[in-house]
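S.K.: If you scroll down you'll find the structure; I have some questions about it.
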Amino acid sequence: MRSSVMTLTLGAAGVVLLAACGGSTSPYGGGGGGGTPASCASSGASATITATASFTFGPSTATITAGQKVCWVYNSGISHTVTSDDARFTGGSLPNGSTVVVTFPAAGSYAFHCSIHLPPAYNMTGTITVQ
């Protein structure tokens, strides 16, 4: 009986942990995320940015047209985030093999960073230019 309770407890904890790690929130225009395997090919994104094992975003800049999407992919083996400097969107803490897709409906310049690996120790920053 004790073994069954422990198994149920650990199972429930695992479900909560997976749910917490698997998605993106984006109050700015319908982001998505948590896709596996980490590929932006089917996202419909106009630009792809990769979080690298050297703690950078590559490329660190992208230019798109209003209404288009940007996809960030995490294949570095290290958890990262993609977070807007002005809090318009966040990808949350995402493990290796995850993606974040954000739609940018309005023209402007949108700076972003990894909230886990902040400057000056790391250079995980970038800018999306929307025309």
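Naming scheme: A, B, ... for chains in displayed order of the structure tokens; residues 1 onward per chain; ligands 1 onward as shown.
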May I have all residues of stretch 57-131 of chain A that DSSP, computed from the backbone, assigns to strand (DSSP E or B), given as a VMD selection string?
M.R.: chain A and resid 57 to 58 61 to 64 68 to 74 80 83 to 84 90 94 98 to 104 108 to 113 123 125 to 130
S.K.: With only C-alpha atoms as the counted atoms, please give the residues lying no more than 7 Å from A:Asp85, apart from itself and same-chain residues fewer than 5 positions off, as a ChimeraX atom specification.
M.R.: /A:111-113
S.K.: Keeping all heavy atoms for every residue in the selection just given, could you write it to a file as a JSON list (two decimals), in the first residue's frame?
M.R.:
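Resulting contents of part36.json:
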[["chain", "number", "residue", "atom", "x", "y", "z"],
["A", 111, "ALA", "N", 13.70, 44.25, -28.11],
["A", 111, "ALA", "CA", 14.90, 43.65, -27.51],
["A", 111, "ALA", "C", 14.48, 42.46, -26.65],
["A", 111, "ALA", "O", 13.43, 42.47, -26.02],
["A", 111, "ALA", "CB", 15.63, 44.69, -26.67],
["A", 112, "PHE", "N", 15.34, 41.42, -26.64],
["A", 112, "PHE", "CA", 15.06, 40.24, -25.83],
["A", 112, "PHE", "C", 16.34, 39.72, -25.20],
["A", 112, "PHE", "O", 17.45, 40.11, -25.59],
["A", 112, "PHE", "CB", 14.39, 39.15, -26.68],
["A", 112, "PHE", "CG", 15.24, 38.62, -27.80],
["A", 112, "PHE", "CD1", 16.09, 37.54, -27.61],
["A", 112, "PHE", "CD2", 15.19, 39.20, -29.06],
["A", 112, "PHE", "CE1", 16.88, 37.05, -28.64],
["A", 112, "PHE", "CE2", 15.97, 38.71, -30.11],
["A", 112, "PHE", "CZ", 16.82, 37.64, -29.89],
["A", 113, "HIS", "N", 16.19, 38.85, -24.21],
["A", 113, "HIS", "CA", 17.34, 38.28, -23.50],
["A", 113, "HIS", "C", 16.95, 36.93, -22.90],
["A", 113, "HIS", "O", 15.77, 36.58, -22.86],
["A", 113, "HIS", "CB", 17.80, 39.23, -22.40],
["A", 113, "HIS", "CG", 16.76, 39.46, -21.34],
["A", 113, "HIS", "ND1", 15.76, 40.39, -21.49],
["A", 113, "HIS", "CD2", 16.54, 38.85, -20.15],
["A", 113, "HIS", "CE1", 14.97, 40.36, -20.41],
["A", 113, "HIS", "NE2", 15.42, 39.42, -19.60]]
S.K.: Which of these residues is nearest to A:Ser42, using only C-alpha atoms: A:Thr125, A:Thr99, A:Ser93, A:Thr61?
M.R.: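 The answer is A:Thr99, which sits nearest to A:Ser42.
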S.K.: Would you please work out which residue, of A:Leu94, A:Ala51, A:Val102, A:Ile64, is nearest to A:Ser79 when using only C-alpha atoms?
M.R.: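 For A:Ser79, the nearest of the candidates is A:Leu94.
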S.K.: Taking 2 positions as the minimum chain separation for residues in the same chain, which residues sit within 7 Å of stretch 104-106 of chain A when counting only C-alpha atoms? Answer as a PyMOL selection string.
M.R.: chain A and resi 29+66-69+102+108+130
S.K.: Could the residues in this selection be saved with N, CA, C and O atoms as a PDB file, in the first residue's frame?
M.R.:
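Contents of selection_35.pdb, freshly written:
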ATOM      1  N   GLY A  29       0.696  38.871 -28.821  1.00  0.00           N
ATOM      2  CA  GLY A  29       0.440  38.326 -30.124  1.00  0.00           C
ATOM      3  C   GLY A  29       0.556  36.841 -30.314  1.00  0.00           C
ATOM      4  O   GLY A  29       1.026  36.399 -31.338  1.00  0.00           O
ATOM      5  N   ALA A  66       5.454  43.106 -39.993  1.00  0.00           N
ATOM      6  CA  ALA A  66       4.372  43.031 -38.999  1.00  0.00           C
ATOM      7  C   ALA A  66       3.431  41.876 -39.347  1.00  0.00           C
ATOM      8  O   ALA A  66       3.063  41.688 -40.501  1.00  0.00           O
ATOM      9  N   GLY A  67       3.088  41.098 -38.334  1.00  0.00           N
ATOM     10  CA  GLY A  67       2.207  39.949 -38.505  1.00  0.00           C
ATOM     11  C   GLY A  67       2.958  38.633 -38.655  1.00  0.00           C
ATOM     12  O   GLY A  67       2.355  37.566 -38.583  1.00  0.00           O
ATOM     13  N   GLN A  68       4.266  38.699 -38.851  1.00  0.00           N
ATOM     14  CA  GLN A  68       5.049  37.478 -39.003  1.00  0.00           C
ATOM     15  C   GLN A  68       5.522  36.948 -37.644  1.00  0.00           C
ATOM     16  O   GLN A  68       5.442  37.635 -36.634  1.00  0.00           O
ATOM     17  N   LYS A  69       6.038  35.710 -37.668  1.00  0.00           N
ATOM     18  CA  LYS A  69       6.468  35.018 -36.451  1.00  0.00           C
ATOM     19  C   LYS A  69       7.981  34.843 -36.426  1.00  0.00           C
ATOM     20  O   LYS A  69       8.624  34.739 -37.464  1.00  0.00           O
ATOM     21  N   VAL A 102       6.706  33.382 -31.410  1.00  0.00           N
ATOM     22  CA  VAL A 102       6.012  34.617 -31.051  1.00  0.00           C
ATOM     23  C   VAL A 102       5.637  35.348 -32.336  1.00  0.00           C
ATOM     24  O   VAL A 102       6.464  35.495 -33.236  1.00  0.00           O
ATOM     25  N   GLY A 108       8.115  47.864 -34.953  1.00  0.00           N
ATOM     26  CA  GLY A 108       8.885  48.346 -33.811  1.00  0.00           C
ATOM     27  C   GLY A 108      10.156  47.546 -33.637  1.00  0.00           C
ATOM     28  O   GLY A 108      10.463  46.654 -34.421  1.00  0.00           O
ATOM     29  N   VAL A 130      10.707  44.818 -36.484  1.00  0.00           N
ATOM     30  CA  VAL A 130       9.470  44.541 -37.210  1.00  0.00           C
ATOM     31  C   VAL A 130       9.159  45.760 -38.063  1.00  0.00           C
ATOM     32  O   VAL A 130       9.021  46.866 -37.541  1.00  0.00           O
TER      33      VAL A 130
END
S.K.: Distance atom CA of A:Gly126-atom CA of A:Ala53, one decimal place?
M.R.: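 Going from atom CA of A:Gly126 over to atom CA of A:Ala53 covers 15.9 Å.
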S.K.: When you count only C-alpha atoms, which of these residues is closest to A:Ser98: A:His80, A:Thr63, A:Phe55, A:Cys114?
M.R.: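 Closest residue, counting only C-alpha atoms: A:His80.
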S.K.: Find the distance between atom CA of A:Ala41 and atom CA of A:Phe57 and write it in Å to one decimal.
M.R.: 17.9 Å
S.K.: Just the number, please: distance in Å from atom CA of A:Ala45 to atom CA of A:Asn123, one decimal.
M.R.: 23.8 Å
